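**Student:** Quick one: structure below, then a few questions.
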Amino acid sequence: MKNAVGREIPDELLKEGWKVYQGAGHRDGELLKKRGPRTRIGEKPQGSKLVGSLREAIQRCGLRDGMTISFHHHFRDGDYVANLVMKEVAELGIRDVTIAASSLGAAHDPIARYIEEGIVTGLQTSGIRGRMGEVVSQGRLRTPAILRSHGGRVRAIEEGEVHIDVAFIGAPTSDECGNARAVGGRSDCGVLSYAMADAEYADRVVVVTDTLVPYPNFPASIHGIDVDYVVKVDEIGDPKKIATAAARMTQNPRDLMMAETAAKVMAATPWFKDGFSFQTGAGGPSLAVNRFIEPLMRERGIRMRWAIGGITGSICELMDKGLVDAILDTQDFDVAAIEHIGKSPHHFEISASEYANPANKGALINKLDFVVLAALEVDTDFNVNVITGSDGVLRGAPGGHPDTAASARCCIIVTPLTRGRMPTVCESVVTVTTPGDCVDVLVTDYGTAVNPARQDIVECLDKAGIRHVPIKALQEKAYALVGRPDPLRWKDRVVAILEARDGSILDVVREVMPYEPL
């Protein structure tokens with residue numbers, strides 16, 4: 001059966017009860033049953049929840065074969081916690097484990113071996129990168145990985161689609177009863193937004209920290225009333241590795257040119273006015289838009305009411321200059337942002353559910369004016385891929401991309417027309433991450449295209465004198481520059497399911513066929 005973005009969904013998945021994607025907002029207004037948070041066992045007051053080791057915490061939680069455990073990714077490529085826990089799980093002989101992480105990256109390459117050995121047989125996450133992405137793409141995970149957006153993950157937890165048996169939460173600081181914060185320690189990460197749902201809904205919760213502080217550790221990100229055990233280890237992460245290459249401000253002239261164009265597109269719309277709201281993605285060109293909206297804001301004498309999402313030092317600088325009233329933070333992409341939330345009274349930590357859950361009574365992104373995002377590929381239907389590389393291997397994450405694109409008044413994708421010898425604007429993306437009906441404008445180094453469904457934006461750009469072309473023209477130019485890409489060859493087996501925000505199937509990823517030169 002084909003879904004709303006024209007992707008063929010295998011019958012065997014439909015027989016398992018999966019629904020096909022029927023369009024953005026299909027479940028809007030539907031009464032969704034929220035699974036109650038975990039049943040708590042009444043306990044007598046105790047002096048401390050500290051245990052001597054991770055192994056002891058795992059054993060006390062009753063972790064056994066077939067269970068689901070979770071981690072957060074606020075330490076990004078500097079995370080140590082997941083690997084520390086999985087080493088103990090493996091040595092205890094526990095198998096058939098599902099990892100339900102908010103995202104997984106190159107820091108978790110050691111887990112690829114546990115997949116090959118059958119210790120890990122399921123993955124439910126936003127991102128799969130590095131060695132793990134290669135192993136999953138080669139069909140070595142026993143069940144299809146399930147990939148969700150950040151908002152979709154919280155929805156799935158709250159609806160009971162994902163049941164977490166034990167959540168392991170890395171915390172820069174914690175007291176002996178599990179009141180945990182993301183600041184004040186040796187491994188600060190700024191916020192613990194993605195772990196909040198895990199703490200509330202998991203059956204058992206273990207806080208892992210390298211900095212114990214006196215009780216009570218308030219204001220807490222993770223509250224001790226949700227925590228079962230606290231473990232102190234030597235190190236939980238390296239904050240210097242939070243800022244990956246994708247999350248750094250670009251100095252590339254081509255990227256800066258595209259960022260400037262995106263800022264001009266924003267300024268041409270009626271929503272660029274005093275009190276507007278804004279988010280940028282983690283890609284270099286999209287982050288650079290912050291640099292170019294500042295003079296436009298000063299020229300018009302306007303302020304940004306709030307910025308949201310993954311936060312970088314560049315948006316914090318705008319606040320410090322008096323141009324942003326509030327920052328609503330779900331993830332910090334660099335050390336500057338981490339330091340800023342610790343000292344600014346108007347830089348707030350929010351939960352992932354408050355941020356982007358499509359099934360609550362008003363996620364903050366529903367009030368978002370602009371979002372500027374990156375892409376690996378965009379096709380002529382404006383569908384975006386940020387998951388799979390040109391070789392079909394899993395290399396990325398939807399993150400908040402589909403959430404913000406679906407919710408913002410104006411979604412702008414910024415990407416070069418080609419990368420190396422591969423076209424970025426193509427006839428059909430390898431994997432649909434964000435549906436085209438959620439994307440409004442595409443900015444490339446060879447021109448700008450507007451989704452034909454957004455004639456209001458077309459009129460704005462025409463009035464402002466901003467040239468734009470049909471997206472088909474950009475695709476043809478890309479192919480003229482680097483040639484038509486060879487079609488990918490796939491095996492039949494589905495190795496990953498890309499879930500839409502509402503829980504339906506947006507696309508599937510199949511096992512890659514080994515490359516054989518002609």
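If you're wondering about the labels, chains in the structure tokens are A, B, ... by order shown, residues count from 1 in each chain, ligands from 1 in order shown.
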I'd like a table as a tab-separated table: residues in region 305-416 of chain A with an atom no more than 6 Å from region 137-161 of chain A, each row giving the shortest atom pair and its distance in Å to one decimal, only C-alpha atoms counted, sorted by chain and rising residue number.

**Tutor:**
```
residue	atom	partner	partner_atom	distance
A:Ser353	CA	A:Val154	CA	5.9
A:Ala356	CA	A:Gly151	CA	4.3
A:Asn357	CA	A:Gly151	CA	4.1
A:Val393	CA	A:Ser137	CA	5.5
A:Pro398	CA	A:Ser149	CA	5.3
A:Gly399	CA	A:Ser149	CA	4.8
A:Gly400	CA	A:His150	CA	5.3
```

**Student:** Using only N, CA and C atoms, please write the residues we just selected to a file, as an mmCIF file, in the first residue's frame.

**Tutor:**
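Contents of the output file out_10.cif:
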```cif
data_model
loop_
_atom_site.group_PDB
_atom_site.id
_atom_site.type_symbol
_atom_site.label_atom_id
_atom_site.label_comp_id
_atom_site.auth_asym_id
_atom_site.auth_seq_id
_atom_site.Cartn_x
_atom_site.Cartn_y
_atom_site.Cartn_z
ATOM 1 N N SER A 353 8.300 17.075 25.646
ATOM 2 C CA SER A 353 6.854 17.087 25.411
ATOM 3 C C SER A 353 6.348 18.512 25.235
ATOM 4 N N ALA A 356 7.606 19.580 21.508
ATOM 5 C CA ALA A 356 7.185 19.121 20.177
ATOM 6 C C ALA A 356 6.207 17.955 20.148
ATOM 7 N N ASN A 357 5.666 17.545 21.281
ATOM 8 C CA ASN A 357 4.754 16.403 21.286
ATOM 9 C C ASN A 357 3.478 16.753 20.507
ATOM 10 N N VAL A 393 22.880 4.113 3.522
ATOM 11 C CA VAL A 393 23.263 3.750 4.884
ATOM 12 C C VAL A 393 22.717 4.791 5.870
ATOM 13 N N PRO A 398 16.026 12.256 12.374
ATOM 14 C CA PRO A 398 14.989 13.269 12.143
ATOM 15 C C PRO A 398 15.001 14.354 13.208
ATOM 16 N N GLY A 399 15.339 13.983 14.473
ATOM 17 C CA GLY A 399 15.363 14.975 15.542
ATOM 18 C C GLY A 399 14.062 15.754 15.597
ATOM 19 N N GLY A 400 14.174 17.072 15.657
ATOM 20 C CA GLY A 400 12.981 17.914 15.652
ATOM 21 C C GLY A 400 12.601 18.397 14.265
#
```

**Student:** With only C-alpha atoms as the counted atoms, please give the residues lying no more than 9 Å from Ala182 (chain A), apart from itself and same-chain residues fewer than 4 positions off, as a list in words.

**Tutor:**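 The contact residues come out as Gly170, Ala171, Pro172, Thr173, Ser174, Ser187, Asp188, Cys189, Gly190, Val191, Leu192, Ala220, Ser221 and Ile338 of chain A.
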
**Student:** Write out as a ChimeraX atom specification each polymer residue whose atoms come within 8 Å of Gly392 (chain A), counting only C-alpha atoms; drop sequence neighbours fewer than 4 positions from it.

**Tutor:** /A:137,388,430,488,509,512

**Student:** Name the residues in contact with Phe71 (chain A) at a cut-off of 7 Å, using only C-alpha atoms, excluding same-chain residues fewer than 4 positions from it; report them as a VMD selection string.

**Tutor:** chain A and resid 82 100 to 102 167 to 169

**Student:** Restricting it to N, CA and C atoms, dump the selection as a CSV table (one decimal), in the first residue's frame.

**Tutor:**
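Below is the file that was written, selection_39.csv:
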```csv
chain,number,residue,atom,x,y,z
A,82,ALA,N,25.9,5.4,28.0
A,82,ALA,CA,25.3,4.2,27.3
A,82,ALA,C,26.3,3.1,27.2
A,100,ALA,N,15.9,2.1,23.8
A,100,ALA,CA,15.0,3.2,23.3
A,100,ALA,C,15.6,4.5,23.7
A,101,ALA,N,16.6,5.0,22.9
A,101,ALA,CA,17.3,6.2,23.2
A,101,ALA,C,16.7,7.4,22.5
A,102,SER,N,16.9,8.6,23.1
A,102,SER,CA,16.5,9.8,22.4
A,102,SER,C,17.3,10.0,21.1
A,167,ALA,N,15.3,3.2,32.8
A,167,ALA,CA,15.9,4.4,32.2
A,167,ALA,C,17.2,4.7,32.9
A,168,PHE,N,18.2,4.9,32.2
A,168,PHE,CA,19.5,5.3,32.7
A,168,PHE,C,19.7,6.7,32.3
A,169,ILE,N,19.8,7.6,33.3
A,169,ILE,CA,19.9,9.1,33.0
A,169,ILE,C,21.2,9.6,33.5
```

**Student:** Residues near Leu323 (chain A), anyone? I mean within 7 Å using only C-alpha atoms, not counting same-chain ones fewer than 3 positions away, as JSON, numbers by chain.

**Tutor:** {"A": [303, 304, 318, 319]}

**Student:** Those residues with N, CA and C atoms, as an mmCIF file, in the first residue's frame please?

**Tutor:**
```cif
data_model
loop_
_atom_site.group_PDB
_atom_site.id
_atom_site.type_symbol
_atom_site.label_atom_id
_atom_site.label_comp_id
_atom_site.auth_asym_id
_atom_site.auth_seq_id
_atom_site.Cartn_x
_atom_site.Cartn_y
_atom_site.Cartn_z
ATOM 1 N N ARG A 303 12.212 42.923 17.992
ATOM 2 C CA ARG A 303 12.829 41.930 18.864
ATOM 3 C C ARG A 303 12.187 40.566 18.613
ATOM 4 N N MET A 304 12.949 39.545 18.892
ATOM 5 C CA MET A 304 12.430 38.183 18.860
ATOM 6 C C MET A 304 11.826 37.885 20.234
ATOM 7 N N LEU A 318 22.472 36.879 20.675
ATOM 8 C CA LEU A 318 21.371 37.780 20.319
ATOM 9 C C LEU A 318 20.580 38.183 21.561
ATOM 10 N N MET A 319 20.395 37.243 22.493
ATOM 11 C CA MET A 319 19.713 37.587 23.737
ATOM 12 C C MET A 319 20.543 38.594 24.536
#
```

**Student:** Wanna dump the region 309-388 of chain A-region 469-486 of chain A contacts at 9 Å for me, each residue with its shortest atom pair and the distance in Å to one decimal, counting only C-alpha atoms, ordered by chain and number, as CSV?

**Tutor:**
```
residue,atom,partner,partner_atom,distance
A:Asp379,CA,A:Gln475,CA,7.7
A:Thr380,CA,A:Lys472,CA,5.8
A:Asp381,CA,A:Ile471,CA,8.3
A:Phe382,CA,A:Ile471,CA,8.0
```

**Student:** Please save C-alpha atoms of the selected residues as a PDB file, in the first residue's frame.

**Tutor:**
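What follows is the written file out.pdb:
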```
ATOM      1  CA  ASP A 379      13.143  16.090  -3.982  1.00  0.00           C
ATOM      2  CA  THR A 380      10.878  17.827  -6.459  1.00  0.00           C
ATOM      3  CA  ASP A 381       7.886  17.228  -4.174  1.00  0.00           C
ATOM      4  CA  PHE A 382       9.792  19.072  -1.388  1.00  0.00           C
TER       5      PHE A 382
END
```

**Student:** Between A:Glu30, A:Asp332, A:Glu235, A:Glu299, which residue has the minimum interatomic distance to Ile315 (chain A), considering only C-alpha atoms?

**Tutor:**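 Closest candidate: A:Asp332.
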
**Student:** Give me, please, the distance in Å between CA of Gly122 (chain A) and CA of Gly436 (chain A), quoted to one decimal.

**Tutor:** 29.3 Å

**Student:** Quick one: pick out all strand (DSSP E or B) residues within region 227-476 of chain A from a backbone DSSP run and write them as an NGL selection string.

**Tutor:** :A and (229-232 or 237 or 276-280 or 304-311 or 324-332 or 347-349 or 370-373 or 377-379 or 384-385 or 388 or 394 or 410-414 or 418-419 or 422-423 or 425-426 or 434 or 441-444 or 447-450)

**Student:** Just C-alpha atoms for this one: save the residues we selected as a PDB file, in the first residue's frame.

**Tutor:**
```
ATOM      1  CA  TYR A 229      18.824   4.461  42.357  1.00  0.00           C
ATOM      2  CA  VAL A 230      21.801   6.816  42.080  1.00  0.00           C
ATOM      3  CA  VAL A 231      25.238   5.687  40.893  1.00  0.00           C
ATOM      4  CA  LYS A 232      28.419   7.743  41.012  1.00  0.00           C
ATOM      5  CA  GLY A 237      30.779  12.425  29.404  1.00  0.00           C
ATOM      6  CA  PHE A 276       8.307  36.744  16.211  1.00  0.00           C
ATOM      7  CA  SER A 277       9.513  33.263  17.217  1.00  0.00           C
ATOM      8  CA  PHE A 278      12.355  31.303  15.658  1.00  0.00           C
ATOM      9  CA  GLN A 279      14.335  28.060  15.549  1.00  0.00           C
ATOM     10  CA  THR A 280      17.346  26.945  13.576  1.00  0.00           C
ATOM     11  CA  MET A 304      12.430  38.183  18.860  1.00  0.00           C
ATOM     12  CA  ARG A 305       9.983  37.145  21.563  1.00  0.00           C
ATOM     13  CA  TRP A 306      11.423  33.646  21.894  1.00  0.00           C
ATOM     14  CA  ALA A 307      13.830  31.177  20.345  1.00  0.00           C
ATOM     15  CA  ILE A 308      13.376  27.460  20.814  1.00  0.00           C
ATOM     16  CA  GLY A 309      14.868  24.026  20.251  1.00  0.00           C
ATOM     17  CA  GLY A 310      18.510  23.081  20.072  1.00  0.00           C
ATOM     18  CA  ILE A 311      20.380  26.175  21.250  1.00  0.00           C
ATOM     19  CA  VAL A 324      15.689  38.015  22.184  1.00  0.00           C
ATOM     20  CA  ASP A 325      13.338  38.047  25.172  1.00  0.00           C
ATOM     21  CA  ALA A 326      13.396  34.334  26.052  1.00  0.00           C
ATOM     22  CA  ILE A 327      15.170  31.125  25.066  1.00  0.00           C
ATOM     23  CA  LEU A 328      13.254  27.854  25.463  1.00  0.00           C
ATOM     24  CA  ASP A 329      15.874  25.132  25.495  1.00  0.00           C
ATOM     25  CA  THR A 330      15.606  21.405  24.763  1.00  0.00           C
ATOM     26  CA  GLN A 331      19.238  20.751  23.823  1.00  0.00           C
ATOM     27  CA  ASP A 332      22.509  22.664  23.865  1.00  0.00           C
ATOM     28  CA  HIS A 347      17.017  31.058  29.314  1.00  0.00           C
ATOM     29  CA  PHE A 348      14.631  28.248  30.271  1.00  0.00           C
ATOM     30  CA  GLU A 349      14.847  24.457  30.241  1.00  0.00           C
ATOM     31  CA  PHE A 370      10.050  30.420  11.472  1.00  0.00           C
ATOM     32  CA  VAL A 371      12.228  27.345  11.392  1.00  0.00           C
ATOM     33  CA  VAL A 372      15.377  27.083   9.276  1.00  0.00           C
ATOM     34  CA  LEU A 373      16.583  23.527   8.736  1.00  0.00           C
ATOM     35  CA  GLU A 377      18.375  15.611   0.092  1.00  0.00           C
ATOM     36  CA  VAL A 378      15.254  17.410  -1.109  1.00  0.00           C
ATOM     37  CA  ASP A 379      13.143  16.090  -3.982  1.00  0.00           C
ATOM     38  CA  VAL A 384      13.318  15.993   2.783  1.00  0.00           C
ATOM     39  CA  ASN A 385      15.784  13.290   3.791  1.00  0.00           C
ATOM     40  CA  THR A 388      20.162   8.064   4.930  1.00  0.00           C
ATOM     41  CA  LEU A 394      21.717   5.213   8.062  1.00  0.00           C
ATOM     42  CA  CYS A 410       7.295  29.170   7.509  1.00  0.00           C
ATOM     43  CA  CYS A 411       9.715  26.257   7.137  1.00  0.00           C
ATOM     44  CA  ILE A 412      12.879  27.069   5.191  1.00  0.00           C
ATOM     45  CA  ILE A 413      15.316  24.353   4.101  1.00  0.00           C
ATOM     46  CA  VAL A 414      18.888  25.519   3.432  1.00  0.00           C
ATOM     47  CA  THR A 418      25.283  19.395  -4.734  1.00  0.00           C
ATOM     48  CA  ARG A 419      27.688  17.765  -2.293  1.00  0.00           C
ATOM     49  CA  MET A 422      26.026  13.893  -5.596  1.00  0.00           C
ATOM     50  CA  PRO A 423      22.931  16.034  -6.273  1.00  0.00           C
ATOM     51  CA  VAL A 425      18.055  18.363  -5.041  1.00  0.00           C
ATOM     52  CA  CYS A 426      16.801  15.209  -6.741  1.00  0.00           C
ATOM     53  CA  THR A 434       9.928  15.283   6.507  1.00  0.00           C
ATOM     54  CA  VAL A 441      10.888  27.255   0.933  1.00  0.00           C
ATOM     55  CA  LEU A 442      14.130  25.717  -0.330  1.00  0.00           C
ATOM     56  CA  VAL A 443      17.256  27.890  -0.443  1.00  0.00           C
ATOM     57  CA  THR A 444      20.309  26.606  -2.341  1.00  0.00           C
ATOM     58  CA  GLY A 447      18.584  29.577  -6.373  1.00  0.00           C
ATOM     59  CA  THR A 448      15.483  29.524  -4.217  1.00  0.00           C
ATOM     60  CA  ALA A 449      12.261  27.560  -4.750  1.00  0.00           C
ATOM     61  CA  VAL A 450       8.888  27.973  -3.044  1.00  0.00           C
TER      62      VAL A 450
END
```

**Student:** Just to confirm, what's the straight-line distance from CA of Val335 (chain A) to CA of Thr209 (chain A) in Å (one decimal)?

**Tutor:**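 Separating CA of Val335 (chain A) from CA of Thr209 (chain A) is a distance of 18.9 Å.
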